[in-house]
>>> print(open('input-v7.txt').read())   # compact mmCIF, C-alpha atoms
# COMPACT_ATOMS: atom_id res chain seq x y z
CA MET A 17 80.24 6.71 15.77
CA ASN A 18 77.89 9.68 15.13
CA ALA A 19 76.58 8.10 11.95
CA GLU A 20 75.79 4.89 13.82
CA ARG A 21 73.93 6.83 16.53
CA SER A 22 71.97 8.75 13.85
CA ASN A 23 70.86 5.54 12.12
CA THR A 24 69.79 4.06 15.44
CA SER A 25 67.69 7.11 16.40
CA SER A 26 66.04 7.40 12.99
CA SER A 27 65.06 3.74 12.84
CA PRO A 28 61.90 4.06 15.03
CA ILE A 29 60.73 7.02 12.95
CA LEU A 30 61.10 5.00 9.76
CA TRP A 31 59.17 2.14 11.33
CA VAL A 32 56.35 4.50 12.35
CA VAL A 33 56.22 6.06 8.87
CA ALA A 34 56.17 2.60 7.27
CA ALA A 35 53.44 1.43 9.65
CA PHE A 36 51.21 4.41 8.89
CA ALA A 37 51.80 3.97 5.15
CA LEU A 38 50.65 0.36 5.45
CA LEU A 39 47.61 1.45 7.46
CA ILE A 40 46.62 3.96 4.80
CA LEU A 41 47.19 1.40 2.04
CA GLY A 42 45.16 -1.20 3.94
CA GLY A 43 42.29 1.26 4.48
CA LEU A 44 42.24 2.13 0.77
CA ILE A 45 42.21 -1.54 -0.21
CA ILE A 46 39.27 -2.20 2.15
CA ALA A 47 37.44 0.86 0.80
CA GLU A 48 37.88 -0.21 -2.83
CA ALA A 49 37.19 -3.92 -2.28
CA THR A 50 34.10 -3.85 -0.06
CA PRO A 51 31.73 -2.07 -2.54
CA LEU A 52 32.36 -4.91 -4.99
CA ILE A 53 29.80 -6.99 -3.06
CA LEU A 54 27.16 -4.23 -3.16
CA PRO A 55 24.30 -4.06 -5.70
CA PRO A 56 24.94 -2.08 -8.91
CA GLN A 57 24.92 1.71 -8.72
CA ALA A 58 21.58 2.18 -10.49
CA SER A 59 20.92 5.83 -9.63
CA ALA A 60 22.77 9.13 -9.66
CA GLU A 61 22.44 9.29 -5.88
CA SER A 62 24.02 5.86 -5.42
CA GLN A 63 27.35 7.16 -6.72
CA GLN A 64 27.44 9.92 -4.11
CA VAL A 65 26.40 7.54 -1.33
CA ASP A 66 29.03 4.97 -2.33
CA ASN A 67 31.79 7.59 -2.51
CA LEU A 68 30.94 8.70 1.04
CA PHE A 69 30.83 5.06 2.08
CA LYS A 70 34.32 4.52 0.66
CA VAL A 71 35.68 7.43 2.69
CA MET A 72 34.17 5.92 5.84
CA LEU A 73 35.52 2.47 4.97
CA ALA A 74 39.01 3.85 4.32
CA ILE A 75 39.09 5.60 7.71
CA GLY A 76 37.41 2.74 9.54
CA GLY A 77 39.63 0.15 7.85
CA ALA A 78 42.81 2.01 8.77
CA ILE A 79 41.67 2.36 12.40
CA PHE A 80 40.72 -1.32 12.51
CA LEU A 81 44.15 -2.35 11.21
CA LEU A 82 45.85 0.04 13.67
CA VAL A 83 43.99 -1.37 16.68
CA GLN A 84 44.39 -5.00 15.65
CA GLY A 85 48.03 -4.42 14.74
CA ALA A 86 48.72 -2.81 18.13
CA ILE A 87 47.07 -5.76 19.89
CA VAL A 88 49.12 -8.32 17.96
CA TYR A 89 52.34 -6.34 18.50
CA SER A 90 51.64 -6.01 22.23
CA VAL A 91 50.89 -9.72 22.58
CA ILE A 92 54.20 -10.60 20.94
CA ARG A 93 56.41 -7.80 22.25
CA PHE A 94 55.27 -7.67 25.87
CA ARG A 95 54.34 -11.28 26.53
CA ALA A 96 55.68 -12.89 29.69
CA LYS A 97 58.94 -14.72 29.13
CA PRO A 98 59.37 -18.31 30.30
CA GLY A 99 59.94 -18.36 34.03
CA GLU A 100 58.77 -14.76 34.67
CA ARG A 101 56.41 -14.42 37.63
CA GLU A 102 56.70 -10.72 38.49
CA ASP A 103 53.98 -8.15 37.91
CA GLY A 104 54.30 -5.91 34.90
CA VAL A 105 55.80 -2.43 35.12
CA ALA A 106 53.37 0.11 36.63
CA MET A 107 52.65 2.82 34.05
CA HIS A 108 50.69 6.05 34.36
CA GLY A 109 48.71 7.78 31.59
CA ASN A 110 50.36 9.85 28.91
CA ALA A 111 48.59 13.20 28.58
CA THR A 112 49.98 13.89 25.10
CA LEU A 113 48.85 10.51 23.80
CA GLU A 114 45.40 10.90 25.32
CA PHE A 115 45.05 14.35 23.73
CA VAL A 116 46.06 12.98 20.34
CA TRP A 117 43.69 10.00 20.37
CA THR A 118 40.85 12.31 21.43
CA ALA A 119 41.60 15.06 18.91
CA ILE A 120 42.01 12.77 15.89
CA PRO A 121 38.54 11.10 16.20
CA ALA A 122 36.98 14.52 16.82
CA VAL A 123 38.48 15.84 13.57
CA ILE A 124 37.41 12.69 11.70
CA VAL A 125 33.82 12.97 12.97
CA LEU A 126 33.71 16.66 12.00
CA ILE A 127 34.94 15.92 8.47
CA LEU A 128 32.48 13.03 8.04
CA SER A 129 29.64 15.20 9.34
CA ILE A 130 30.37 17.87 6.75
CA LEU A 131 30.67 15.35 3.90
CA SER A 132 27.51 13.52 5.00
CA PHE A 133 25.52 16.76 5.18
CA GLN A 134 26.64 17.74 1.69
CA VAL A 135 25.57 14.36 0.29
CA TRP A 136 22.24 14.49 2.16
CA VAL A 137 21.43 17.96 0.81
CA SER A 138 22.34 16.86 -2.71
CA ILE A 139 20.23 13.67 -2.77
CA THR A 140 17.17 15.22 -1.09
CA SER A 141 16.96 18.44 -3.12
CA ALA A 142 14.03 18.83 -5.52
CA GLN A 143 14.80 18.21 -9.20
CA ASP A 144 13.23 19.69 -12.32
CA ASN A 145 10.38 17.74 -13.94
CA GLU A 146 10.05 15.17 -11.16
CA LEU A 147 7.77 12.17 -11.60
CA VAL A 148 5.66 11.96 -8.43
CA VAL A 149 4.66 8.47 -7.34
CA HIS A 150 2.70 7.67 -4.19
CA ALA A 151 3.77 4.48 -2.40
CA THR A 152 1.68 2.90 0.33
CA GLY A 153 3.03 0.28 2.69
CA ALA A 154 0.57 -2.05 4.39
CA ARG A 155 1.15 -5.38 6.05
CA PHE A 156 2.52 -7.00 3.97
CA ASN A 157 2.32 -5.28 0.60
CA TRP A 158 3.62 -2.34 -1.43
CA SER A 159 1.31 -0.46 -3.80
CA PHE A 160 2.18 2.43 -6.11
CA SER A 161 -0.12 5.04 -7.64
CA TYR A 162 0.52 7.51 -10.47
CA ASN A 163 -1.57 10.56 -11.22
CA ILE A 164 -3.12 10.55 -14.69
CA PRO A 165 -2.43 13.89 -16.44
CA GLU A 166 -5.44 16.21 -16.44
CA GLN A 167 -7.36 13.73 -14.27
CA ASP A 168 -6.81 14.90 -10.70
CA ASP A 169 -9.10 12.31 -9.11
CA LEU A 170 -7.92 9.27 -11.09
CA THR A 171 -4.73 7.28 -10.62
CA VAL A 172 -2.99 4.28 -12.12
CA ASN A 173 -2.30 1.71 -9.41
CA ALA A 174 0.35 -0.99 -9.70
CA ARG A 175 2.12 -3.60 -7.61
CA GLU A 176 5.44 -2.64 -9.24
CA LEU A 177 7.17 0.72 -9.35
CA HIS A 178 7.77 1.88 -12.94
CA THR A 179 10.04 4.69 -14.13
CA TYR A 180 12.75 5.22 -16.76
CA VAL A 181 16.42 6.16 -17.07
CA GLY A 182 17.18 9.82 -16.43
CA GLN A 183 13.74 10.64 -14.97
CA PRO A 184 13.97 12.19 -11.49
CA ILE A 185 11.40 10.54 -9.24
CA ARG A 186 9.88 11.77 -5.99
CA MET A 187 8.34 9.05 -3.85
CA VAL A 188 5.61 10.21 -1.47
CA LEU A 189 5.37 7.52 1.21
CA SER A 190 2.55 6.67 3.59
CA THR A 191 1.57 3.67 5.69
CA ALA A 192 -1.86 2.15 6.20
CA ASP A 193 -0.97 0.58 9.54
CA VAL A 194 2.40 0.35 11.31
CA ASN A 195 5.91 1.65 10.64
CA HIS A 196 7.56 0.40 7.46
CA ALA A 197 10.79 1.35 5.66
CA PHE A 198 10.98 1.79 1.89
CA TYR A 199 14.34 0.40 0.77
CA ILE A 200 15.80 0.02 -2.74
CA PRO A 201 19.41 -1.20 -2.36
CA ALA A 202 20.33 -0.56 -6.02
CA MET A 203 19.23 3.09 -5.70
CA ARG A 204 20.84 3.47 -2.23
CA VAL A 205 17.66 4.96 -0.79
CA LYS A 206 15.83 4.04 2.40
CA GLN A 207 13.10 6.02 4.14
CA ASP A 208 10.75 5.25 7.03
CA LEU A 209 6.97 5.30 6.61
CA LEU A 210 5.30 6.69 9.73
CA PRO A 211 1.59 6.49 10.70
CA GLY A 212 -0.22 9.79 10.46
CA ARG A 213 2.25 11.59 8.19
CA GLU A 214 3.81 11.48 4.73
CA THR A 215 7.52 11.13 4.12
CA GLU A 216 9.42 11.31 0.85
CA VAL A 217 12.56 10.18 -0.91
CA ARG A 218 14.11 11.13 -4.26
CA PHE A 219 16.34 9.40 -6.79
CA THR A 220 17.16 9.42 -10.50
CA PRO A 221 17.65 5.99 -12.16
CA THR A 222 20.65 5.63 -14.45
CA ILE A 223 20.66 1.95 -15.44
CA PRO A 224 17.64 0.12 -16.91
CA GLY A 225 16.68 -3.09 -15.19
CA ASP A 226 14.51 -4.84 -12.64
CA TYR A 227 15.51 -4.25 -9.00
CA PRO A 228 14.02 -5.46 -5.68
CA ILE A 229 12.23 -3.26 -3.16
CA PHE A 230 12.15 -4.31 0.50
CA CYS A 231 10.58 -3.30 3.76
CA ALA A 232 13.57 -2.66 6.03
CA GLU A 233 11.69 -2.32 9.32
CA LEU A 234 10.17 -5.27 11.18
CA CYS A 235 6.42 -4.88 10.72
CA GLY A 236 4.97 -8.27 11.64
CA SER A 237 5.02 -11.95 10.83
CA GLY A 238 4.98 -11.39 7.07
CA HIS A 239 7.74 -8.78 7.07
CA GLY A 240 10.19 -10.96 5.15
CA ASP A 241 7.71 -11.33 2.28
CA MET A 242 6.92 -7.62 1.97
CA ARG A 243 8.70 -7.10 -1.32
CA ALA A 244 8.08 -5.45 -4.67
CA ARG A 245 10.03 -4.58 -7.82
CA ILE A 246 11.13 -1.38 -9.50
CA ILE A 247 11.11 -1.60 -13.28
CA VAL A 248 13.46 0.97 -14.81
CA HIS A 249 12.60 1.34 -18.48
CA PRO A 250 15.38 2.40 -20.86
CA ASP A 251 13.52 5.52 -22.06
CA GLU A 252 10.28 7.46 -21.81
CA GLU A 253 8.79 5.74 -24.87
CA THR A 254 8.95 2.29 -23.32
CA TYR A 255 7.68 3.68 -20.01
CA LEU A 256 4.65 5.19 -21.74
CA ALA A 257 4.08 1.88 -23.53
CA TRP A 258 3.35 0.51 -20.05
CA PHE A 259 1.62 3.56 -18.57
CA ASN A 260 -0.82 4.51 -21.36
CA PRO A 261 -2.67 1.15 -21.49
CA GLU A 262 -2.91 1.16 -17.69
CA ALA A 263 -4.33 4.69 -17.74
CA ASP A 264 -6.79 3.72 -20.48
CA VAL A 265 -8.18 0.90 -18.33
CA VAL A 266 -8.72 3.37 -15.47
CA LEU A 267 -10.33 5.97 -17.75
CA ASN A 268 -12.54 3.36 -19.42
CA PRO A 269 -13.29 0.73 -16.77
CA PRO A 270 -15.09 -2.46 -17.83
CA GLU A 271 -18.85 -2.44 -17.33
CA ASP A 272 -18.86 -6.01 -16.02
CA PRO A 273 -18.45 -5.76 -12.20
CA VAL A 274 -16.57 -9.09 -12.14
CA ALA A 275 -13.98 -7.78 -14.61
CA ARG A 276 -13.81 -4.52 -12.69
CA GLY A 277 -13.18 -6.37 -9.41
CA PHE A 278 -10.45 -8.44 -11.04
CA GLN A 279 -8.83 -5.24 -12.35
CA ILE A 280 -8.91 -3.57 -8.92
CA LEU A 281 -7.33 -6.52 -7.12
CA ALA A 282 -4.74 -7.12 -9.84
CA SER A 283 -3.61 -3.48 -9.66
CA GLY A 284 -2.43 -3.84 -6.07
CA GLN A 285 -4.54 -0.86 -4.99
CA TYR A 286 -5.40 -2.80 -1.83
CA PRO A 287 -2.85 -4.86 0.14
CA CYS A 288 -4.59 -8.23 -0.31
CA ALA A 289 -1.66 -9.85 -2.14
CA GLY A 290 0.62 -9.36 0.84
CA CYS A 291 -1.32 -11.85 2.98
CA HIS A 292 -3.50 -14.11 0.86
CA VAL A 293 -2.88 -16.84 -1.69
CA LEU A 294 -4.78 -16.65 -5.00
CA GLU A 295 -3.31 -18.41 -8.02
CA GLU A 296 -5.35 -16.45 -10.58
CA LEU A 297 -3.71 -13.19 -9.43
CA ASP A 298 -0.31 -14.67 -8.48
CA TRP A 299 -0.81 -13.87 -4.80
CA THR A 300 1.62 -15.75 -2.58
CA GLY A 301 0.97 -14.35 0.90
CA VAL A 302 1.49 -16.47 4.00
CA THR A 303 -0.37 -14.73 6.83
CA GLY A 304 -3.96 -14.82 5.53
CA PRO A 305 -6.45 -17.51 4.46
CA ASN A 306 -6.16 -19.09 1.01
CA GLN A 307 -8.62 -17.49 -1.41
CA ASN A 308 -8.64 -20.28 -3.99
CA GLY A 309 -12.14 -21.79 -4.02
CA LEU A 310 -13.39 -19.09 -1.64
CA ALA A 311 -16.88 -18.87 -3.16
CA ASP A 312 -17.58 -22.59 -2.66
CA ARG A 313 -16.50 -22.43 0.99
CA VAL A 314 -18.76 -19.43 1.57
CA VAL A 315 -21.78 -21.29 0.16
CA ASN A 316 -21.03 -24.61 1.85
CA ASN A 317 -19.93 -23.34 5.27
CA ARG A 318 -20.23 -19.66 6.05
CA VAL A 319 -23.78 -19.02 4.80
CA ALA A 320 -25.22 -21.63 7.14
CA ALA A 321 -23.06 -20.44 10.04
CA THR A 322 -23.91 -16.74 9.70
CA GLY A 323 -27.36 -16.74 8.11
CA GLU A 324 -26.12 -14.23 5.52
CA VAL A 325 -26.28 -14.49 1.76
CA PRO A 326 -22.86 -14.98 0.08
CA ALA A 327 -22.56 -11.39 -1.15
CA GLU A 328 -23.39 -9.99 2.30
CA TYR A 329 -20.88 -12.28 3.99
CA LEU A 330 -18.09 -11.26 1.59
CA GLY A 331 -18.94 -7.55 1.83
CA ARG A 332 -18.97 -7.57 5.61
CA SER A 333 -15.69 -9.50 5.60
CA LEU A 334 -14.07 -6.50 3.88
CA TYR A 335 -15.56 -3.81 6.11
CA HIS A 336 -15.71 -5.83 9.35
CA PRO A 337 -12.99 -8.50 9.09
CA GLY A 338 -12.82 -9.04 12.84
CA GLU A 339 -16.29 -10.61 12.77
CA TYR A 340 -15.14 -13.52 10.61
CA LEU A 341 -11.85 -15.01 11.70
CA VAL A 342 -10.81 -18.19 9.96
CA PRO A 343 -9.47 -20.72 12.51
CA GLY A 344 -5.69 -20.52 12.69
CA PHE A 345 -5.46 -16.88 11.58
CA GLY A 346 -5.31 -13.73 13.69
CA ASN A 347 -7.15 -10.45 13.23
CA LEU A 348 -4.48 -8.79 11.04
CA MET A 349 -6.61 -7.69 8.10
CA PRO A 350 -7.11 -3.91 7.84
CA GLN A 351 -10.68 -2.74 8.37
CA PHE A 352 -11.64 -0.95 5.17
CA GLN A 353 -14.10 1.92 5.37
CA PRO A 354 -16.21 3.74 2.75
CA ASP A 355 -16.78 7.07 4.49
CA ASP A 356 -13.55 9.08 4.64
CA PRO A 357 -11.50 9.32 1.40
CA ALA A 358 -8.67 10.97 3.34
CA GLY A 359 -8.70 8.35 6.08
CA ALA A 360 -6.77 5.11 6.36
CA ASN A 361 -7.94 2.00 4.49
CA TYR A 362 -10.50 3.85 2.37
CA MET A 363 -12.43 1.55 0.02
CA PRO A 364 -15.42 3.17 -1.71
CA MET A 365 -18.65 1.19 -1.96
CA GLU A 366 -18.28 0.82 -5.73
CA ASP A 367 -14.88 -0.87 -5.30
CA MET A 368 -16.26 -3.14 -2.59
CA GLN A 369 -19.18 -4.21 -4.78
CA ALA A 370 -16.87 -4.96 -7.73
CA ILE A 371 -14.45 -6.93 -5.53
CA VAL A 372 -17.31 -8.96 -4.05
CA ALA A 373 -18.66 -9.66 -7.56
CA TYR A 374 -15.25 -11.07 -8.50
CA LEU A 375 -14.81 -13.07 -5.28
CA CYS A 376 -18.21 -14.66 -5.90
CA THR A 377 -16.74 -16.31 -9.03
CA LEU A 378 -13.93 -18.09 -7.15
CA SER A 379 -15.75 -21.38 -7.36
CA ALA A 380 -14.91 -24.75 -8.88
CA SER A 381 -17.19 -24.02 -11.85
CA GLY A 382 -16.07 -20.42 -12.26
CA GLU A 383 -19.69 -19.31 -12.10
CA SER A 384 -20.82 -16.68 -9.61
CA VAL A 385 -22.46 -18.00 -6.44
CA CYS A 386 -24.00 -14.61 -5.66
CA ASP A 387 -27.33 -13.11 -6.67
CA PRO A 388 -26.59 -9.92 -8.72
CA GLN A 389 -29.38 -8.12 -6.86
CA ASN A 390 -27.69 -8.89 -3.52
CA ILE A 391 -24.51 -7.28 -4.86
CA GLN A 392 -26.50 -4.19 -5.83
CA ASP A 393 -28.02 -4.08 -2.33
CA LEU A 394 -24.67 -4.36 -0.53
CA PRO A 395 -24.53 -0.69 0.60
CA SER A 396 -27.59 -1.34 2.80
CA LEU A 397 -26.53 -4.86 3.83
CA VAL A 398 -23.06 -4.08 5.19
CA ASP A 399 -23.79 -0.91 7.19
>>> encode(input="input-v7.txt", output="structure tokens")
Amino acid sequence: MNAERSNTSSSPILWVVAAFALLILGGLIIAEATPLILPPQASAESQQVDNLFKVMLAIGGAIFLLVQGAIVYSVIRFRAKPGEREDGVAMHGNATLEFVWTAIPAVIVLILSILSFQVWVSITSAQDNELVVHATGARFNWSFSYNIPEQDDLTVNARELHTYVGQPIRMVLSTADVNHAFYIPAMRVKQDLLPGRETEVRFTPTIPGDYPIFCAELCGSGHGDMRARIIVHPDEETYLAWFNPEADVVLNPPEDPVARGFQILASGQYPCAGCHVLEELDWTGVTGPNQNGLADRVVNNRVAATGEVPAEYLGRSLYHPGEYLVPGFGNLMPQFQPDDPAGANYMPMEDMQAIVAYLCTLSASGESVCDPQNIQDLPSLVD
């Protein structure tokens, strides 16, 4: 008789223990299975972030299963029987239960806060021998610049981010217009770009490859196309095989202004590719006018409409874009300025002249439609 009573009283405890064991097992399965759909862990920081994510998934998964399990059990166990019309039993709160379900989340949040802070400190701390790269976000384009050793005022500009395995990298982020967010899923890094200030993010690549970069904050109609790539080279030698020729072009620019303008636009130094279409430079933007055949349209249409020579029209279009809006397109183009190197959208006169010289060749014949003397006189024409 006593043994039978003992078995009966211990049965609920066994059921509770079994239920919690299943909850823990279910949480662990969710934690281990969900990261399988994530991008590869391509940086040292990604491993720490994913481990923290697994802890959160395990806890969240167990709580999800507990809540859903309690709902299903209640629906089955306490459902109204056929023919029952009475109200349910009136029940008051249970102080012990309320204390427990308040204390447990508080402890969980405290533990997660401590773990999260430790990971944040680890992935944001400065590393030895960091490669510093400046990234600029502008609607709707990413551009990256690298300092050339022993040349403080010269930089290599690129539309892709280049680095190599094992090299700690510090990204210095700035925006030329509105808020953006620099996001590399494979590196598990995301950082906002805020007008008027610089932000930064750090990571160390561990797997060579080609990974996408996104803008993760809605910044306008071309937001979905604001993408770039990070090229992780397998070692420093292959990285330098890319960097050294790029630096040589900057140190020894072509004398031909047309070639110089092509080089500037191809480098991604200015955010033109994010909006315009130009087959020669592989631009695929969607929010700005098509630049293919631009020089012919300037000669055939805009010169007569404005009374300006082609070079003057193109130069003023860069410094005063609001004066020349193509029908069907809004005034989204940044207004470049030649006066303040530290200011937003700085484009020195020499760059503007070279870009105009190149744009003047976007004709059906490939010949320039601009008078070289007009290009030389641009500083006085576009003021």
>>> axis_aligned_box(input="input-v7.txt", around="stretch 240-256 of chain A", padding_each_side="6 Å", output="lines of an AutoDock Vina configuration file")
center_x = 10.0
center_y = -1.9
center_z = -9.9
size_x = 22.7
size_y = 30.8
size_z = 42.0
>>> residues_around(input="input-v7.txt", residues="A:Glu295", least_positions_apart="6", cutoff="12 Å", atoms="all atoms listed in the file", output="PyMOL selection string")
chain A and resi 282+289+301+306-310+378
>>> closest_residue(input="input-v7.txt", among="A:Ala37, A:Ile87, A:Ala197, A:Ala58", to="A:Gly182", atoms="only C-alpha atoms")
A:Ala58
>>> closest_atom_pairs(input="input-v7.txt", of="stretch 35-152 of chain A", to="stretch 159-164 of chain A", cutoff="10 Å", atoms="only C-alpha atoms", output="tab-separated table")
residue	atom	partner	partner_atom	distance
A:Leu147	CA	A:Tyr162	CA	8.7
A:Val148	CA	A:Tyr162	CA	7.1
A:Val149	CA	A:Tyr162	CA	5.3
A:His150	CA	A:Ser161	CA	5.2
A:Ala151	CA	A:Phe160	CA	4.5
A:Thr152	CA	A:Ser159	CA	5.3
>>> closest_residue(input="input-v7.txt", among="A:Thr300, A:Pro354, A:Val274, A:Pro305", to="A:Val372", atoms="all atoms listed in the file")
A:Val274
>>> decode(input="input-v7.txt", residues="stretch 273-351 of chain A", atoms="C-alpha atoms", output="mmCIF file, in the first residue's frame")
data_model
loop_
_atom_site.group_PDB
_atom_site.id
_atom_site.type_symbol
_atom_site.label_atom_id
_atom_site.label_comp_id
_atom_site.auth_asym_id
_atom_site.auth_seq_id
_atom_site.Cartn_x
_atom_site.Cartn_y
_atom_site.Cartn_z
ATOM 1 C CA PRO A 273 42.995 63.676 -69.104
ATOM 2 C CA VAL A 274 40.553 61.235 -70.759
ATOM 3 C CA ALA A 275 42.469 58.241 -69.388
ATOM 4 C CA ARG A 276 42.738 59.968 -66.028
ATOM 5 C CA GLY A 277 38.975 60.567 -65.921
ATOM 6 C CA PHE A 278 38.311 56.941 -66.806
ATOM 7 C CA GLN A 279 40.655 55.842 -64.007
ATOM 8 C CA ILE A 280 38.937 58.080 -61.438
ATOM 9 C CA LEU A 281 35.435 56.864 -62.285
ATOM 10 C CA ALA A 282 36.489 53.211 -62.503
ATOM 11 C CA SER A 283 38.049 53.386 -59.026
ATOM 12 C CA GLY A 284 34.714 54.104 -57.363
ATOM 13 C CA GLN A 285 36.132 57.196 -55.672
ATOM 14 C CA TYR A 286 32.835 58.946 -56.416
ATOM 15 C CA PRO A 287 29.422 57.252 -56.025
ATOM 16 C CA CYS A 288 28.393 57.533 -59.692
ATOM 17 C CA ALA A 289 28.081 53.756 -60.208
ATOM 18 C CA GLY A 290 25.381 53.507 -57.564
ATOM 19 C CA CYS A 291 22.874 55.478 -59.657
ATOM 20 C CA HIS A 292 23.886 55.584 -63.311
ATOM 21 C CA VAL A 293 24.187 53.047 -66.112
ATOM 22 C CA LEU A 294 27.407 53.009 -68.152
ATOM 23 C CA GLU A 295 28.371 49.813 -69.943
ATOM 24 C CA GLU A 296 32.041 50.753 -70.386
ATOM 25 C CA LEU A 297 32.489 50.889 -66.595
ATOM 26 C CA ASP A 298 29.957 48.154 -65.705
ATOM 27 C CA TRP A 299 27.670 50.621 -63.935
ATOM 28 C CA THR A 300 24.205 49.211 -63.367
ATOM 29 C CA GLY A 301 22.451 51.870 -61.275
ATOM 30 C CA VAL A 302 18.704 52.396 -61.502
ATOM 31 C CA THR A 303 17.997 55.815 -59.985
ATOM 32 C CA GLY A 304 19.987 58.091 -62.326
ATOM 33 C CA PRO A 305 20.029 58.863 -66.068
ATOM 34 C CA ASN A 306 21.756 56.459 -68.470
ATOM 35 C CA GLN A 307 25.245 57.723 -69.345
ATOM 36 C CA ASN A 308 25.701 55.672 -72.518
ATOM 37 C CA GLY A 309 25.881 58.122 -75.437
ATOM 38 C CA LEU A 310 25.884 61.084 -73.047
ATOM 39 C CA ALA A 311 28.189 63.255 -75.169
ATOM 40 C CA ASP A 312 25.920 63.045 -78.237
ATOM 41 C CA ARG A 313 22.858 64.026 -76.197
ATOM 42 C CA VAL A 314 24.722 67.000 -74.744
ATOM 43 C CA VAL A 315 25.648 68.255 -78.226
ATOM 44 C CA ASN A 316 22.263 67.563 -79.819
ATOM 45 C CA ASN A 317 19.989 68.720 -76.987
ATOM 46 C CA ARG A 318 21.518 70.375 -73.961
ATOM 47 C CA VAL A 319 23.857 72.844 -75.682
ATOM 48 C CA ALA A 320 20.996 74.470 -77.553
ATOM 49 C CA ALA A 321 18.774 74.468 -74.457
ATOM 50 C CA THR A 322 21.343 76.022 -72.108
ATOM 51 C CA GLY A 323 23.564 78.065 -74.410
ATOM 52 C CA GLU A 324 26.632 76.452 -72.814
ATOM 53 C CA VAL A 325 29.471 74.640 -74.523
ATOM 54 C CA PRO A 326 29.529 70.863 -73.854
ATOM 55 C CA ALA A 327 32.401 70.999 -71.359
ATOM 56 C CA GLU A 328 30.727 73.787 -69.368
ATOM 57 C CA TYR A 329 27.419 71.929 -69.279
ATOM 58 C CA LEU A 330 29.059 68.725 -68.013
ATOM 59 C CA GLY A 331 31.186 70.571 -65.440
ATOM 60 C CA ARG A 332 28.236 72.474 -64.037
ATOM 61 C CA SER A 333 26.237 69.242 -63.936
ATOM 62 C CA LEU A 334 28.787 67.886 -61.439
ATOM 63 C CA TYR A 335 28.967 70.964 -59.220
ATOM 64 C CA HIS A 336 25.359 72.142 -59.646
ATOM 65 C CA PRO A 337 23.300 69.030 -60.497
ATOM 66 C CA GLY A 338 20.020 70.616 -59.412
ATOM 67 C CA GLU A 339 20.193 73.001 -62.382
ATOM 68 C CA TYR A 340 19.930 70.167 -64.910
ATOM 69 C CA LEU A 341 17.309 67.594 -64.040
ATOM 70 C CA VAL A 342 16.603 64.990 -66.676
ATOM 71 C CA PRO A 343 12.820 64.460 -67.024
ATOM 72 C CA GLY A 344 11.714 61.495 -64.936
ATOM 73 C CA PHE A 345 14.547 61.766 -62.392
ATOM 74 C CA GLY A 346 14.608 63.569 -59.048
ATOM 75 C CA ASN A 347 17.321 65.758 -57.564
ATOM 76 C CA LEU A 348 19.188 62.938 -55.778
ATOM 77 C CA MET A 349 22.706 63.526 -57.080
ATOM 78 C CA PRO A 350 25.158 64.857 -54.464
ATOM 79 C CA GLN A 351 26.418 68.378 -55.114
#
